[in-house]
file final.cif (mmCIF, C-alpha atoms)
data_target
loop_
_atom_site.label_atom_id
_atom_site.label_comp_id
_atom_site.auth_asym_id
_atom_site.auth_seq_id
_atom_site.Cartn_x
_atom_site.Cartn_y
_atom_site.Cartn_z
CA MET M 23 82.59 153.41 109.87
CA LEU M 24 85.81 154.30 108.09
CA PRO M 25 85.41 157.02 105.42
CA TRP M 26 86.65 154.78 102.59
CA LYS M 27 84.13 152.09 103.49
CA ARG M 28 81.38 154.68 103.47
CA ALA M 29 82.54 155.80 100.03
CA LEU M 30 82.46 152.24 98.71
CA ARG M 31 78.86 151.63 99.66
CA PRO M 32 77.58 153.51 96.59
CA LEU M 33 79.73 151.27 94.38
CA ALA M 34 78.31 148.13 95.96
CA ALA M 35 74.84 149.58 95.57
CA LEU M 36 75.61 150.35 91.93
CA LEU M 37 76.67 146.78 91.27
CA LEU M 38 73.57 145.41 92.94
CA THR M 39 71.32 147.91 91.19
CA ALA M 40 72.84 146.99 87.84
CA ALA M 41 72.10 143.36 88.51
CA VAL M 42 68.57 144.07 89.70
CA ALA M 43 67.93 146.07 86.57
CA THR M 44 68.44 142.93 84.52
CA VAL M 45 65.49 141.11 86.10
CA PRO M 46 61.79 141.96 86.01
CA ALA M 47 60.01 143.35 89.02
CA ALA M 48 58.95 140.56 91.34
CA THR M 49 55.30 139.70 91.05
CA ALA M 50 54.92 137.09 93.76
CA ALA M 51 54.74 137.77 97.45
CA ALA M 52 55.34 134.18 98.50
CA ASP M 53 58.72 132.53 98.98
CA THR M 54 57.69 129.31 97.26
CA ALA M 55 56.19 128.36 93.93
CA PRO M 56 52.46 127.67 93.68
CA SER M 57 51.23 124.39 95.14
CA SER M 58 49.09 123.94 92.04
CA GLY M 59 50.68 123.71 88.64
CA TRP M 60 54.35 123.09 89.14
CA ASN M 61 55.59 122.00 92.59
CA ASP M 62 52.72 119.51 92.68
CA TRP M 63 54.03 117.03 95.24
CA SER M 64 51.47 114.45 94.20
CA CYS M 65 52.77 114.37 90.61
CA LYS M 66 54.10 111.01 89.48
CA PRO M 67 56.44 110.88 86.47
CA SER M 68 55.11 109.08 83.42
CA ALA M 69 56.80 106.32 81.45
CA GLU M 70 57.39 108.87 78.69
CA HIS M 71 59.04 111.35 81.07
CA PRO M 72 60.27 109.27 84.01
CA ARG M 73 62.40 111.95 85.65
CA PRO M 74 61.14 115.04 87.48
CA VAL M 75 62.58 118.37 86.38
CA VAL M 76 64.00 120.75 88.98
CA LEU M 77 64.23 124.39 87.88
CA VAL M 78 67.02 126.44 89.47
CA HIS M 79 66.59 130.23 89.26
CA GLY M 80 69.35 132.75 88.67
CA THR M 81 70.88 135.48 90.82
CA LEU M 82 68.20 137.88 92.06
CA GLY M 83 65.52 135.50 90.82
CA ASN M 84 63.10 133.30 92.73
CA SER M 85 61.18 130.08 92.34
CA VAL M 86 58.13 131.78 90.85
CA ASP M 87 59.11 134.73 88.67
CA ASN M 88 61.98 133.00 86.91
CA TRP M 89 59.72 130.19 85.71
CA LEU M 90 56.36 131.72 84.83
CA SER M 91 56.87 130.63 81.21
CA LEU M 92 59.20 127.62 81.26
CA ALA M 93 57.46 125.71 84.07
CA PRO M 94 54.07 125.61 82.29
CA TYR M 95 55.86 124.88 78.99
CA LEU M 96 57.36 121.72 80.47
CA GLU M 97 54.19 120.80 82.37
CA ASP M 98 52.22 120.94 79.15
CA ARG M 99 54.65 118.38 77.76
CA GLY M 100 53.99 115.94 80.57
CA TYR M 101 56.80 116.62 83.05
CA CYS M 102 56.59 116.80 86.81
CA VAL M 103 58.18 120.19 87.45
CA TYR M 104 59.58 121.66 90.65
CA SER M 105 61.42 124.84 91.63
CA LEU M 106 63.09 126.11 94.79
CA ASP M 107 64.30 129.32 96.37
CA TYR M 108 67.93 129.35 97.45
CA GLY M 109 70.64 131.75 98.57
CA ARG M 110 68.43 134.07 100.63
CA LEU M 111 69.98 136.98 102.51
CA THR M 112 68.39 138.14 105.74
CA GLY M 113 66.22 141.16 105.12
CA VAL M 114 66.21 140.78 101.31
CA PRO M 115 62.82 139.49 100.14
CA LEU M 116 62.02 138.03 96.70
CA PHE M 117 65.51 138.49 95.25
CA TYR M 118 67.49 135.34 96.03
CA GLY M 119 70.68 133.64 94.91
CA LEU M 120 72.81 136.14 96.84
CA GLY M 121 74.18 133.80 99.51
CA PRO M 122 77.42 131.79 99.20
CA VAL M 123 77.08 129.51 96.20
CA ASP M 124 78.41 126.42 97.97
CA LYS M 125 75.73 126.85 100.66
CA SER M 126 73.10 127.29 97.96
CA ALA M 127 74.25 123.96 96.49
CA GLU M 128 73.52 122.33 99.84
CA GLN M 129 69.99 123.71 99.65
CA LEU M 130 69.62 122.29 96.15
CA SER M 131 70.84 118.91 97.38
CA ALA M 132 68.16 118.79 100.07
CA PHE M 133 65.48 119.88 97.59
CA VAL M 134 66.41 117.22 95.02
CA ASP M 135 66.23 114.59 97.75
CA LYS M 136 62.74 115.83 98.60
CA VAL M 137 61.65 115.68 94.95
CA LEU M 138 63.02 112.17 94.47
CA ALA M 139 61.33 110.96 97.65
CA ALA M 140 57.99 112.45 96.60
CA THR M 141 58.06 111.18 93.02
CA GLY M 142 59.77 107.84 93.57
CA ALA M 143 62.15 108.59 90.71
CA ALA M 144 65.74 107.38 90.80
CA LYS M 145 67.14 110.54 89.22
CA ALA M 146 66.10 114.08 88.37
CA ASP M 147 66.96 116.47 85.57
CA LEU M 148 68.07 120.02 86.40
CA VAL M 149 67.43 123.13 84.32
CA GLY M 150 69.09 126.32 85.52
CA HIS M 151 69.25 129.94 84.42
CA SER M 152 72.44 131.98 84.94
CA GLN M 153 73.78 131.09 88.42
CA GLY M 154 71.17 128.33 88.35
CA GLY M 155 73.25 126.59 85.70
CA VAL M 156 76.50 126.97 87.63
CA MET M 157 75.59 126.30 91.24
CA PRO M 158 74.28 122.77 90.44
CA ARG M 159 77.73 121.88 89.12
CA TYR M 160 79.05 122.24 92.67
CA TYR M 161 76.29 119.91 93.85
CA LEU M 162 77.20 117.38 91.16
CA LYS M 163 80.94 117.57 91.79
CA PHE M 164 81.23 117.85 95.57
CA LEU M 165 77.92 116.88 97.19
CA GLY M 166 77.12 113.55 95.56
CA GLY M 167 74.63 114.96 93.08
CA ALA M 168 75.99 113.02 90.12
CA ALA M 169 74.37 109.86 91.47
CA LYS M 170 70.97 111.57 91.56
CA VAL M 171 70.99 113.67 88.38
CA ASN M 172 70.71 112.54 84.79
CA ALA M 173 71.14 115.87 82.99
CA LEU M 174 71.98 119.50 83.69
CA VAL M 175 70.72 122.07 81.20
CA GLY M 176 72.04 125.61 81.57
CA LEU M 177 70.42 128.71 80.07
CA ALA M 178 73.15 131.38 79.82
CA PRO M 179 75.06 129.81 82.73
CA ASP M 180 78.06 131.88 83.79
CA ASN M 181 80.22 128.79 84.08
CA HIS M 182 83.46 130.74 84.08
CA GLY M 183 82.23 133.93 85.67
CA ALA M 184 79.93 136.89 85.19
CA SER M 185 81.93 139.95 84.25
CA LEU M 186 78.86 142.16 83.62
CA SER M 187 80.31 143.36 80.30
CA GLY M 188 83.58 144.15 82.01
CA LEU M 189 82.15 146.01 85.01
CA THR M 190 83.76 143.62 87.49
CA ASN M 191 87.16 144.46 86.00
CA LEU M 192 86.86 147.86 87.68
CA LEU M 193 86.76 146.44 91.21
CA PRO M 194 90.56 146.37 91.72
CA TYR M 195 90.64 150.11 91.10
CA PHE M 196 88.51 150.70 94.21
CA PRO M 197 90.41 149.53 97.30
CA GLY M 198 88.25 147.29 99.44
CA ALA M 199 85.46 147.01 96.90
CA SER M 200 85.91 143.28 96.30
CA ASP M 201 85.89 142.61 100.04
CA LEU M 202 82.74 144.67 100.46
CA VAL M 203 80.91 142.82 97.68
CA LYS M 204 81.99 139.50 99.19
CA ALA M 205 80.82 140.52 102.65
CA THR M 206 77.44 141.90 101.58
CA THR M 207 76.50 139.70 98.60
CA PRO M 208 78.74 136.61 98.61
CA GLY M 209 76.73 134.99 95.83
CA LEU M 210 77.75 137.81 93.50
CA ALA M 211 81.38 137.67 94.62
CA ASP M 212 81.54 133.93 93.96
CA GLN M 213 80.58 134.53 90.33
CA ILE M 214 83.26 137.11 89.56
CA PRO M 215 85.78 135.61 87.12
CA GLY M 216 88.78 134.24 88.96
CA SER M 217 86.98 133.90 92.30
CA ASP M 218 88.08 131.21 94.74
CA PHE M 219 84.73 129.48 94.22
CA LEU M 220 85.03 129.28 90.42
CA THR M 221 88.68 128.27 90.62
CA ARG M 222 87.77 125.33 92.83
CA LEU M 223 84.68 124.42 90.79
CA ASN M 224 86.52 124.29 87.47
CA ALA M 225 89.74 122.70 88.70
CA GLY M 226 90.29 119.26 87.24
CA GLY M 227 87.66 119.65 84.53
CA ASP M 228 84.27 121.21 84.02
CA THR M 229 82.15 118.07 84.23
CA VAL M 230 81.72 114.83 86.16
CA PRO M 231 81.08 111.40 84.63
CA GLY M 232 77.54 110.13 84.28
CA VAL M 233 75.79 113.48 83.80
CA HIS M 234 74.65 114.86 80.44
CA TYR M 235 75.41 118.57 80.10
CA THR M 236 73.75 121.06 77.77
CA VAL M 237 74.66 124.75 77.61
CA ILE M 238 72.42 127.18 75.71
CA ALA M 239 74.16 130.53 75.22
CA THR M 240 73.25 133.78 73.49
CA LYS M 241 75.70 136.10 71.78
CA TYR M 242 73.76 139.05 73.21
CA ASP M 243 74.62 138.06 76.79
CA GLU M 244 75.57 141.18 78.73
CA VAL M 245 76.20 139.43 82.07
CA ALA M 246 78.31 136.35 81.29
CA THR M 247 80.83 137.94 78.95
CA PRO M 248 82.27 136.95 76.62
CA TRP M 249 79.37 134.64 75.89
CA GLN M 250 81.78 131.82 75.01
CA SER M 251 82.63 131.62 78.71
CA ASP M 252 79.27 129.90 79.21
CA TYR M 253 80.54 126.83 77.40
CA LEU M 254 81.77 123.70 79.15
CA SER M 255 84.45 121.27 78.12
CA GLY M 256 83.91 117.55 78.55
CA SER M 257 83.05 114.28 76.85
CA ASP M 258 79.30 114.54 77.43
CA VAL M 259 78.66 118.22 76.70
CA HIS M 260 76.43 119.84 74.12
CA ASN M 261 77.22 123.55 73.74
CA VAL M 262 74.84 125.50 71.53
CA LEU M 263 74.56 129.15 70.55
CA LEU M 264 70.95 130.27 70.36
CA GLN M 265 71.60 132.36 67.24
CA ASP M 266 72.89 129.27 65.41
CA LEU M 267 69.41 127.85 65.87
CA CYS M 268 67.62 131.07 64.94
CA PRO M 269 69.64 134.08 63.73
CA LEU M 270 66.63 136.32 64.40
CA ASP M 271 66.61 135.56 68.12
CA LEU M 272 67.70 138.69 70.02
CA SER M 273 67.36 137.31 73.55
CA GLU M 274 70.00 138.45 76.02
CA HIS M 275 70.96 137.04 79.41
CA VAL M 276 67.58 137.51 81.08
CA ALA M 277 65.16 136.87 78.22
CA ILE M 278 66.68 133.51 77.33
CA GLY M 279 65.50 132.15 80.66
CA LEU M 280 62.27 134.05 81.12
CA PHE M 281 60.29 133.74 77.91
CA ASP M 282 62.33 132.54 74.91
CA ARG M 283 60.40 129.58 73.49
CA ILE M 284 63.18 128.86 71.01
CA ALA M 285 65.50 128.27 73.96
CA PHE M 286 62.72 126.33 75.70
CA HIS M 287 62.44 124.01 72.71
CA GLU M 288 66.14 123.28 72.99
CA VAL M 289 65.65 122.58 76.70
CA ALA M 290 62.90 120.07 75.87
CA ASP M 291 65.19 118.41 73.33
CA ALA M 292 67.94 118.12 75.95
CA LEU M 293 65.53 116.55 78.45
CA ASP M 294 64.26 114.00 75.92
CA PRO M 295 66.94 113.54 73.24
CA ALA M 296 65.33 110.35 71.94
CA HIS M 297 62.38 112.41 70.68
CA ALA M 298 64.22 115.62 69.86
CA THR M 299 63.20 117.70 66.86
CA ALA M 300 65.17 120.46 65.19
CA THR M 301 65.09 123.81 66.97
CA THR M 302 64.47 126.67 64.53
CA CYS M 303 62.89 130.11 64.53
CA ALA M 304 59.54 128.34 64.08
CA SER M 305 60.02 126.80 67.52
CA ALA M 306 58.84 130.12 68.93
CA PHE M 307 55.32 129.06 67.94
CA SER M 308 55.48 125.41 68.98
#
call {"tool": "encode", "arguments": {"input": "final.cif", "output": "structure tokens"}}
result
Amino acid sequence: MLPWKRALRPLAALLLTAAVATVPAATAAADTAPSSGWNDWSCKPSAEHPRPVVLVHGTLGNSVDNWLSLAPYLEDRGYCVYSLDYGRLTGVPLFYGLGPVDKSAEQLSAFVDKVLAATGAAKADLVGHSQGGVMPRYYLKFLGGAAKVNALVGLAPDNHGASLSGLTNLLPYFPGASDLVKATTPGLADQIPGSDFLTRLNAGGDTVPGVHYTVIATKYDEVATPWQSDYLSGSDVHNVLLQDLCPLDLSEHVAIGLFDRIAFHEVADALDPAHATATTCASAFS
């Protein structure tokens, strides 16, 4: 190994460690969500909620830990709820979303087809956290997902890149660092602002016709910075800042997806706009 490559390994490890530090310790040993509760393949959507909901975890998340709060929240409201693991790297257990994002989108495509076949529904709704709000946009735009998806709801989605509060801006100062990150954790490299993946994804517009988009951002986001970069532009887009709904909400990038019931209320409104109610600080107790 060349000396400079050996020297760069600590930097790559630092970037990965910084990202890992933003997620809770994994609590599940399995690669898939429980067969009881959500991911119930016998669930049939009701007339009130005719579309199944597919939950898409974020970088370094998985189908269980990312959704221990939101999945039951939606189940309690009568939804058929499903989640998947995607973007696995060989030899890296529990922490997923690290593979190439376009390949992860292919995995999402296959999973949505499985959900639609099991439920008999014509379309699904997608709810994603962080990368889970961005990767589905590739599926919608390039893999035919727009014909199978009614709505995409993103919780702190890094739609225009995750700069990690500016940390990624330091990569050019370390020769070879960007190439090393791309080679070892391509899912992270794809989310760096200005990456080839994001350039292709956002070229020609952020959205595709026929899909309803909702973005729920927090001004305390320390991963997708500035937080305004979460927002999408398009004719069928609802961008909302969590603190406009409740100024007391201090959730940052991770908390908004893991346990923030104010954000969850806004998710429920986006999934069923005909019966939406105002999201306020009191939504934390609803």
call {"tool": "closest_residue", "arguments": {"input": "final.cif", "among": "M:Ser185, M:Asp258, M:Leu264, M:Thr207", "to": "M:Val114", "atoms": "all atoms listed in the file"}}
result
M:Thr207
call {"tool": "closest_residue", "arguments": {"input": "final.cif", "among": "M:Asp282, M:Asp180, M:Glu288, M:Asp243", "to": "M:Leu210", "atoms": "all atoms listed in the file"}}
result
M:Asp180
call {"tool": "closest_residue", "arguments": {"input": "final.cif", "among": "M:Gly232, M:Gly80, M:Gly119, M:Gly226", "to": "M:Val259", "atoms": "all atoms listed in the file"}}
result
M:Gly232
call {"tool": "closest_residue", "arguments": {"input": "final.cif", "among": "M:Ala239, M:Leu270, M:Leu77, M:Ala277", "to": "M:Asn61", "atoms": "only C-alpha atoms"}}
result
M:Leu77
call {"tool": "resolve_selection", "arguments": {"input": "final.cif", "expression": "the PyMOL selection byres ((chain M and resi 267) around 8)", "output": "PyMOL selection string"}}
result
chain M and resi 263-266+268-269+301-303
call {"tool": "resolve_selection", "arguments": {"input": "final.cif", "expression": "the PyMOL selection byres ((chain M and resi 215-225) around 7)", "output": "list in words"}}
result
Tyr160, His182, Gly183, Ala184, Ser185, Asp212, Gln213, Ile214, Gly226, Gly227 and Asp228 of chain M
call {"tool": "residues_around", "arguments": {"input": "final.cif", "residues": "M:Tyr118", "least_positions_apart": "6", "cutoff": "7 Å", "atoms": "only C-alpha atoms", "output": "PyMOL selection string"}}
result
chain M and resi 81-84+107-110
call {"tool": "resolve_selection", "arguments": {"input": "final.cif", "expression": "the PyMOL selection byres ((chain M and resi 158) around 12)", "output": "PyMOL selection string"}}
result
chain M and resi 76-80+108+123-131+133-134+147-157+159-168+170-171+173-176+179-181+223+228-230+233+235
call {"tool": "residues_around", "arguments": {"input": "final.cif", "residues": "M:Thr141", "least_positions_apart": "2", "cutoff": "8 Å", "atoms": "only C-alpha atoms", "output": "NGL selection string"}}
result
:M and (63-67 or 74 or 137-139 or 143)
call {"tool": "write_last_selection", "arguments": {"input": "final.cif", "atoms": "C-alpha atoms", "output": "tab-separated table (two decimals), keeping the file's coordinate frame"}}
result
chain	number	residue	atom	x	y	z
M	63	TRP	CA	54.03	117.03	95.24
M	64	SER	CA	51.47	114.45	94.20
M	65	CYS	CA	52.77	114.37	90.61
M	66	LYS	CA	54.10	111.01	89.48
M	67	PRO	CA	56.44	110.88	86.47
M	74	PRO	CA	61.14	115.04	87.48
M	137	VAL	CA	61.65	115.68	94.95
M	138	LEU	CA	63.02	112.17	94.47
M	139	ALA	CA	61.33	110.96	97.65
M	143	ALA	CA	62.15	108.59	90.71
call {"tool": "atom_distance", "arguments": {"input": "final.cif", "atom1": "atom CA of M:Arg73", "atom2": "atom CA of M:Gly59"}}
result
16.9 Å
call {"tool": "closest_residue", "arguments": {"input": "final.cif", "among": "M:Val75, M:Asp62, M:Gly121, M:Ala178", "to": "M:Leu280", "atoms": "all atoms listed in the file"}}
result
M:Ala178
